[in-house]
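Asker: Quick one: the structure is below, questions incoming.
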Amino acid sequence: MTDYGLVTATREQWLDAVLADFNGFLFDHAANERKASAMAMTLVAHYPDKPDLVRSMIDLAMEELAHFRQVIGLIHRRGLTPPGDEKDPYVNALRRHLRPDPADYFLDRLLLAAIIEARGAERFGLIAGAVNDPELARFYDALATSEQGHHKHFIDQALAWFDDAVVAARFTEWASLESTILQSQPIRARLH
């Protein structure tokens, strides 16, 4: 297990691919920050009867949108224009394992988000330790800390609504699934 409860650590080849095509990585990173903000707002729309969740997801959406703005700033400072969106095969493969029962689906949405944030925290930390640019290193170190906080936040949200043992058991299942899916993905200069 990694520090984030993930079963598999990111392979070194992934970091090599990112460093070899950092502009491509930035495009994907920006898209993922925007999608994370949208996902938080989707939870707001789907669960308006849970005011604590609504408040926390609005805050999260705004933070993710601020990260999106920062990454877009990096892209523009490089004189680049991001391409159109592309599907994320990793996230789509994970989403296929959401259970349909409303209570199960709610728990799965929270834990899936926790898993994705954990992987982001791990990978941003790897980038922070590998880039030669001190400004980029600080930026990705701060993002790693932020994503780690998001991971914990989603776990805490799950624990607020579900029994500890249920959350722990299902998180273990998600971590195992994520490991299998991660290892099946090609190595690319993408966040996932």
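Chain labels run A, B, ... following the order of the structure tokens; each chain numbers its residues from 1, and ligands are numbered from 1 in the order shown.
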Pick out the residues sitting within 7 Å of range 122-132 of chain A, and hand them over as a PyMOL selection string; count only C-alpha atoms, and ignore anything fewer than 4 positions along from it in its own chain.

Answerer: chain A and resi 118+136-138+140-141+143-144

Asker: Store the residues picked out above in a file with N, CA and C atoms, as a compact mmCIF listing (two decimals), in the first residue's frame.

Answerer:
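Saved file result-v4.txt follows:
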# COMPACT_ATOMS: atom_id res chain seq x y z
N ALA A 118 -6.22 10.57 -4.59
CA ALA A 118 -5.01 9.94 -4.05
C ALA A 118 -3.98 9.73 -5.15
N LEU A 136 7.84 25.51 -10.79
CA LEU A 136 6.98 24.35 -11.09
C LEU A 136 7.03 23.34 -9.95
N ALA A 137 8.20 23.15 -9.37
CA ALA A 137 8.33 22.20 -8.26
C ALA A 137 7.46 22.64 -7.09
N ARG A 138 7.48 23.93 -6.75
CA ARG A 138 6.64 24.45 -5.66
C ARG A 138 5.16 24.30 -5.99
N TYR A 140 3.69 22.09 -8.02
CA TYR A 140 3.24 20.70 -7.96
C TYR A 140 3.32 20.13 -6.54
N ASP A 141 4.23 20.63 -5.75
CA ASP A 141 4.25 20.21 -4.34
C ASP A 141 2.99 20.70 -3.63
N LEU A 143 0.14 21.36 -5.07
CA LEU A 143 -0.99 20.59 -5.60
C LEU A 143 -1.04 19.19 -4.98
N ALA A 144 0.12 18.58 -4.77
CA ALA A 144 0.14 17.25 -4.13
C ALA A 144 -0.48 17.33 -2.74

Asker: Could you name the residues that touch Glu173 in chain A at 12 Å or less, counting only C-alpha atoms, but leaving out those on the same chain fewer than 2 positions away, as a list in words?

Answerer: Gly5, Leu6, Val7, Leu94, His97, Leu98, Asp108, Leu111, Leu112, Ile115, Val166, Val167, Ala168, Ala169, Arg170, Phe171, Ala175, Ser176, Leu177, Glu178, Ser179 and Thr180 of chain A

Asker: May I have the residues within 12 Å of range 58-73 of chain A as a ChimeraX atom specification, using only C-alpha atoms and disregarding those fewer than 6 positions away in the same chain?

Answerer: /A:22-23,25-45,48,51-52,79-83,113,117,136,139-140,142-144,146-147,149-151,153-154

Asker: Taking N, CA and C atoms for each residue, export the selection above as a compact mmCIF listing (two decimals), in the first residue's frame.

Answerer:
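Output saved as selection_26.txt:
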# COMPACT_ATOMS: atom_id res chain seq x y z
N PHE A 22 5.97 17.50 -21.40
CA PHE A 22 5.34 18.25 -20.32
C PHE A 22 4.18 19.11 -20.82
N ASN A 23 4.30 19.63 -22.03
CA ASN A 23 3.18 20.42 -22.57
C ASN A 23 1.93 19.57 -22.72
N PHE A 25 1.24 16.95 -21.00
CA PHE A 25 0.77 16.69 -19.65
C PHE A 25 -0.03 17.88 -19.12
N LEU A 26 0.45 19.10 -19.36
CA LEU A 26 -0.26 20.29 -18.89
C LEU A 26 -1.67 20.37 -19.47
N PHE A 27 -1.80 20.04 -20.75
CA PHE A 27 -3.13 20.07 -21.36
C PHE A 27 -4.08 19.11 -20.62
N ASP A 28 -3.59 17.90 -20.37
CA ASP A 28 -4.42 16.91 -19.68
C ASP A 28 -4.67 17.33 -18.23
N HIS A 29 -3.65 17.88 -17.59
CA HIS A 29 -3.80 18.33 -16.21
C HIS A 29 -4.90 19.38 -16.11
N ALA A 30 -4.87 20.36 -17.01
CA ALA A 30 -5.91 21.40 -16.99
C ALA A 30 -7.30 20.78 -17.15
N ALA A 31 -7.44 19.87 -18.09
CA ALA A 31 -8.74 19.23 -18.31
C ALA A 31 -9.20 18.49 -17.06
N ASN A 32 -8.27 17.84 -16.37
CA ASN A 32 -8.64 17.09 -15.17
C ASN A 32 -9.06 18.01 -14.03
N GLU A 33 -8.44 19.16 -13.90
CA GLU A 33 -8.85 20.11 -12.86
C GLU A 33 -10.26 20.62 -13.14
N ARG A 34 -10.55 20.92 -14.40
CA ARG A 34 -11.88 21.38 -14.78
C ARG A 34 -12.92 20.30 -14.53
N LYS A 35 -12.58 19.06 -14.88
CA LYS A 35 -13.51 17.94 -14.67
C LYS A 35 -13.72 17.67 -13.18
N ALA A 36 -12.69 17.86 -12.37
CA ALA A 36 -12.84 17.66 -10.92
C ALA A 36 -13.80 18.69 -10.34
N SER A 37 -13.71 19.92 -10.84
CA SER A 37 -14.64 20.95 -10.39
C SER A 37 -16.07 20.59 -10.79
N ALA A 38 -16.23 20.13 -12.02
CA ALA A 38 -17.56 19.75 -12.51
C ALA A 38 -18.11 18.56 -11.73
N MET A 39 -17.25 17.61 -11.38
CA MET A 39 -17.70 16.44 -10.62
C MET A 39 -18.22 16.87 -9.25
N ALA A 40 -17.52 17.79 -8.60
CA ALA A 40 -17.98 18.28 -7.29
C ALA A 40 -19.35 18.94 -7.42
N MET A 41 -19.54 19.71 -8.48
CA MET A 41 -20.84 20.36 -8.68
C MET A 41 -21.93 19.35 -9.05
N THR A 42 -21.56 18.25 -9.68
CA THR A 42 -22.52 17.20 -9.95
C THR A 42 -23.02 16.59 -8.64
N LEU A 43 -22.11 16.41 -7.68
CA LEU A 43 -22.54 15.91 -6.37
C LEU A 43 -23.49 16.90 -5.70
N VAL A 44 -23.24 18.19 -5.86
CA VAL A 44 -24.14 19.21 -5.32
C VAL A 44 -25.54 19.04 -5.93
N ALA A 45 -25.57 18.86 -7.24
CA ALA A 45 -26.86 18.73 -7.93
C ALA A 45 -27.59 17.44 -7.58
N PRO A 48 -28.90 17.47 -3.08
CA PRO A 48 -29.24 18.75 -2.46
C PRO A 48 -29.80 18.59 -1.04
N PRO A 51 -26.94 19.09 3.15
CA PRO A 51 -26.35 20.43 3.17
C PRO A 51 -24.85 20.47 3.48
N ASP A 52 -24.38 19.60 4.38
CA ASP A 52 -22.94 19.60 4.67
C ASP A 52 -22.13 19.18 3.44
N GLY A 79 2.87 30.02 -24.38
CA GLY A 79 2.43 30.37 -25.73
C GLY A 79 1.60 29.28 -26.39
N LEU A 80 0.95 28.45 -25.58
CA LEU A 80 0.19 27.32 -26.11
C LEU A 80 -1.31 27.53 -25.95
N THR A 81 -2.06 26.79 -26.73
CA THR A 81 -3.52 26.76 -26.63
C THR A 81 -3.92 25.31 -26.39
N PRO A 82 -4.70 25.07 -25.34
CA PRO A 82 -5.08 23.68 -25.09
C PRO A 82 -5.98 23.13 -26.18
N PRO A 83 -5.81 21.85 -26.50
CA PRO A 83 -6.70 21.23 -27.49
C PRO A 83 -8.05 20.92 -26.86
N ALA A 113 -13.90 9.20 -5.99
CA ALA A 113 -13.23 10.51 -5.95
C ALA A 113 -12.00 10.46 -5.05
N GLU A 117 -8.24 11.29 -6.35
CA GLU A 117 -7.47 12.34 -5.69
C GLU A 117 -6.17 11.78 -5.12
N LEU A 136 7.84 25.51 -10.79
CA LEU A 136 6.98 24.35 -11.09
C LEU A 136 7.03 23.34 -9.95
N PHE A 139 4.81 24.60 -7.24
CA PHE A 139 3.42 24.49 -7.67
C PHE A 139 2.92 23.06 -7.52
N TYR A 140 3.69 22.09 -8.02
CA TYR A 140 3.24 20.70 -7.96
C TYR A 140 3.32 20.13 -6.54
N ALA A 142 2.61 21.94 -3.90
CA ALA A 142 1.38 22.48 -3.29
C ALA A 142 0.16 21.71 -3.79
N LEU A 143 0.14 21.36 -5.07
CA LEU A 143 -0.99 20.59 -5.60
C LEU A 143 -1.04 19.19 -4.98
N ALA A 144 0.12 18.58 -4.77
CA ALA A 144 0.14 17.25 -4.13
C ALA A 144 -0.48 17.33 -2.74
N SER A 146 -2.62 19.57 -1.70
CA SER A 146 -4.04 19.85 -1.88
C SER A 146 -4.81 18.57 -2.23
N GLU A 147 -4.28 17.79 -3.17
CA GLU A 147 -4.95 16.56 -3.57
C GLU A 147 -5.00 15.56 -2.42
N GLY A 149 -5.28 16.38 0.66
CA GLY A 149 -6.39 16.88 1.48
C GLY A 149 -7.74 16.52 0.89
N HIS A 150 -7.86 16.57 -0.44
CA HIS A 150 -9.11 16.20 -1.10
C HIS A 150 -9.40 14.71 -0.89
N HIS A 151 -8.36 13.90 -1.00
CA HIS A 151 -8.51 12.46 -0.75
C HIS A 151 -9.09 12.23 0.64
N HIS A 153 -10.67 14.36 2.49
CA HIS A 153 -12.00 14.97 2.56
C HIS A 153 -13.08 14.01 2.06
N PHE A 154 -12.82 13.33 0.93
CA PHE A 154 -13.81 12.39 0.40
C PHE A 154 -13.98 11.19 1.33

Asker: Just asking: which residues within chain A are alpha helix (DSSP H) according to DSSP, as number ranges by chain?

Answerer: A: 12-20, 22-46, 51-77, 89-95, 102-130, 134-161, 164-184

Asker: Create the file for the chosen residues now, containing C-alpha atoms and written as a short mmCIF file (atom, residue, chain, number, x, y, z; two decimals), in the first residue's frame.

Answerer:
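Once everything was written out, this is again39.cif:
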data_model
loop_
_atom_site.label_atom_id
_atom_site.label_comp_id
_atom_site.auth_asym_id
_atom_site.auth_seq_id
_atom_site.Cartn_x
_atom_site.Cartn_y
_atom_site.Cartn_z
CA GLU A 12 8.97 5.37 -13.20
CA GLN A 13 8.17 5.18 -16.90
CA TRP A 14 5.13 7.37 -16.29
CA LEU A 15 7.27 10.18 -14.88
CA ASP A 16 9.71 9.81 -17.80
CA ALA A 17 6.80 10.17 -20.25
CA VAL A 18 5.50 13.28 -18.47
CA LEU A 19 8.89 14.96 -18.39
CA ALA A 20 9.42 14.14 -22.09
CA PHE A 22 5.34 18.25 -20.32
CA ASN A 23 3.18 20.42 -22.57
CA GLY A 24 0.96 17.45 -23.35
CA PHE A 25 0.77 16.69 -19.65
CA LEU A 26 -0.26 20.29 -18.89
CA PHE A 27 -3.13 20.07 -21.36
CA ASP A 28 -4.42 16.91 -19.68
CA HIS A 29 -3.80 18.33 -16.21
CA ALA A 30 -5.91 21.40 -16.99
CA ALA A 31 -8.74 19.23 -18.31
CA ASN A 32 -8.64 17.09 -15.17
CA GLU A 33 -8.85 20.11 -12.86
CA ARG A 34 -11.88 21.38 -14.78
CA LYS A 35 -13.51 17.94 -14.67
CA ALA A 36 -12.84 17.66 -10.92
CA SER A 37 -14.64 20.95 -10.39
CA ALA A 38 -17.56 19.75 -12.51
CA MET A 39 -17.70 16.44 -10.62
CA ALA A 40 -17.98 18.28 -7.29
CA MET A 41 -20.84 20.36 -8.68
CA THR A 42 -22.52 17.20 -9.95
CA LEU A 43 -22.54 15.91 -6.37
CA VAL A 44 -24.14 19.21 -5.32
CA ALA A 45 -26.86 18.73 -7.93
CA HIS A 46 -27.47 15.06 -7.10
CA PRO A 51 -26.35 20.43 3.17
CA ASP A 52 -22.94 19.60 4.67
CA LEU A 53 -21.97 17.75 1.50
CA VAL A 54 -23.31 20.59 -0.67
CA ARG A 55 -21.24 23.20 1.19
CA SER A 56 -18.06 21.15 1.08
CA MET A 57 -18.48 20.26 -2.61
CA ILE A 58 -19.03 23.91 -3.56
CA ASP A 59 -15.79 24.79 -1.77
CA LEU A 60 -14.01 21.91 -3.50
CA ALA A 61 -15.38 22.91 -6.91
CA MET A 62 -14.08 26.45 -6.44
CA GLU A 63 -10.65 25.19 -5.37
CA GLU A 64 -10.42 22.83 -8.36
CA LEU A 65 -11.48 25.65 -10.66
CA ALA A 66 -8.72 27.84 -9.19
CA HIS A 67 -6.24 25.03 -9.96
CA PHE A 68 -7.62 24.92 -13.50
CA ARG A 69 -7.00 28.66 -13.83
CA GLN A 70 -3.41 28.22 -12.58
CA VAL A 71 -2.67 25.42 -15.05
CA ILE A 72 -4.25 27.38 -17.92
CA GLY A 73 -1.95 30.25 -16.90
CA LEU A 74 1.08 27.95 -17.21
CA ILE A 75 -0.13 26.84 -20.64
CA HIS A 76 -0.67 30.40 -21.86
CA ARG A 77 2.72 31.54 -20.54
CA PRO A 89 -9.82 5.90 -20.19
CA TYR A 90 -8.64 5.43 -16.58
CA VAL A 91 -11.55 7.35 -15.05
CA ASN A 92 -14.05 5.79 -17.47
CA ALA A 93 -12.81 2.28 -16.59
CA LEU A 94 -13.20 3.08 -12.89
CA ARG A 95 -16.69 4.55 -13.37
CA PRO A 102 -28.67 4.70 -4.70
CA ALA A 103 -26.89 4.24 -1.34
CA ASP A 104 -24.11 2.13 -2.91
CA TYR A 105 -23.78 4.64 -5.76
CA PHE A 106 -23.38 7.53 -3.31
CA LEU A 107 -20.67 5.70 -1.34
CA ASP A 108 -18.95 4.66 -4.56
CA ARG A 109 -18.95 8.23 -5.91
CA LEU A 110 -17.22 9.45 -2.75
CA LEU A 111 -14.68 6.64 -2.68
CA LEU A 112 -13.99 6.81 -6.40
CA ALA A 113 -13.23 10.51 -5.95
CA ALA A 114 -10.96 9.65 -3.00
CA ILE A 115 -9.04 7.14 -5.13
CA ILE A 116 -8.63 9.57 -8.04
CA GLU A 117 -7.47 12.34 -5.69
CA ALA A 118 -5.01 9.94 -4.05
CA ARG A 119 -3.49 9.05 -7.41
CA GLY A 120 -3.27 12.74 -8.28
CA ALA A 121 -1.53 13.50 -4.97
CA GLU A 122 1.01 10.75 -5.57
CA ARG A 123 1.74 11.81 -9.13
CA PHE A 124 1.93 15.54 -8.44
CA GLY A 125 4.44 14.73 -5.70
CA LEU A 126 6.53 12.77 -8.19
CA ILE A 127 6.51 15.70 -10.61
CA ALA A 128 7.44 18.16 -7.85
CA GLY A 129 10.48 16.08 -7.03
CA ALA A 130 11.58 15.69 -10.65
CA PRO A 134 11.80 25.64 -8.82
CA GLU A 135 8.52 27.46 -9.50
CA LEU A 136 6.98 24.35 -11.09
CA ALA A 137 8.33 22.20 -8.26
CA ARG A 138 6.64 24.45 -5.66
CA PHE A 139 3.42 24.49 -7.67
CA TYR A 140 3.24 20.70 -7.96
CA ASP A 141 4.25 20.21 -4.34
CA ALA A 142 1.38 22.48 -3.29
CA LEU A 143 -0.99 20.59 -5.60
CA ALA A 144 0.14 17.25 -4.13
CA THR A 145 -0.70 18.55 -0.66
CA SER A 146 -4.04 19.85 -1.88
CA GLU A 147 -4.95 16.56 -3.57
CA GLN A 148 -3.97 14.65 -0.44
CA GLY A 149 -6.39 16.88 1.48
CA HIS A 150 -9.11 16.20 -1.10
CA HIS A 151 -8.51 12.46 -0.75
CA LYS A 152 -8.97 12.72 3.02
CA HIS A 153 -12.00 14.97 2.56
CA PHE A 154 -13.81 12.39 0.40
CA ILE A 155 -12.99 9.64 2.91
CA ASP A 156 -14.32 11.85 5.72
CA GLN A 157 -17.50 12.51 3.73
CA ALA A 158 -18.00 8.77 3.25
CA LEU A 159 -17.46 8.20 6.98
CA ALA A 160 -20.05 10.87 7.77
CA TRP A 161 -22.72 8.95 5.87
CA ASP A 164 -16.61 2.83 9.20
CA ALA A 165 -16.35 -0.89 8.40
CA VAL A 166 -18.42 -0.49 5.22
CA VAL A 167 -16.27 2.42 4.07
CA ALA A 168 -13.02 0.58 4.83
CA ALA A 169 -14.13 -2.58 3.04
CA ARG A 170 -15.36 -0.77 -0.07
CA PHE A 171 -12.26 1.46 -0.19
CA THR A 172 -10.11 -1.68 -0.18
CA GLU A 173 -12.15 -2.98 -3.12
CA TRP A 174 -11.74 0.32 -4.99
CA ALA A 175 -7.99 0.37 -4.32
CA SER A 176 -7.66 -3.13 -5.75
CA LEU A 177 -9.77 -2.24 -8.79
CA GLU A 178 -7.76 0.94 -9.33
CA SER A 179 -4.52 -1.04 -9.26
CA THR A 180 -5.76 -3.45 -11.91
CA ILE A 181 -7.05 -0.63 -14.11
CA LEU A 182 -3.90 1.47 -13.68
CA GLN A 183 -1.68 -1.41 -14.73
CA SER A 184 -3.80 -2.00 -17.84
#

Asker: May I ask for the distance between CA of Ile187 in chain A and CA of Thr10 in chain A, given in Å to one decimal place?

Answerer: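 Computing it gives 10.1 Å between the two atoms.
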
Asker: Kindly indicate which residue among A:Asp133, A:Asp101, A:Asp21, A:Tyr4 lies nearest to Leu191 in chain A, using only C-alpha atoms for the distances.

Answerer: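 Nearest to Leu191 in chain A: A:Asp21.
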
Asker: Take CA of Pro100 in chain A and CA of Lys87 in chain A and report the distance between them in Å, one decimal.

Answerer: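 Distance between the two atoms: 22.2 Å.
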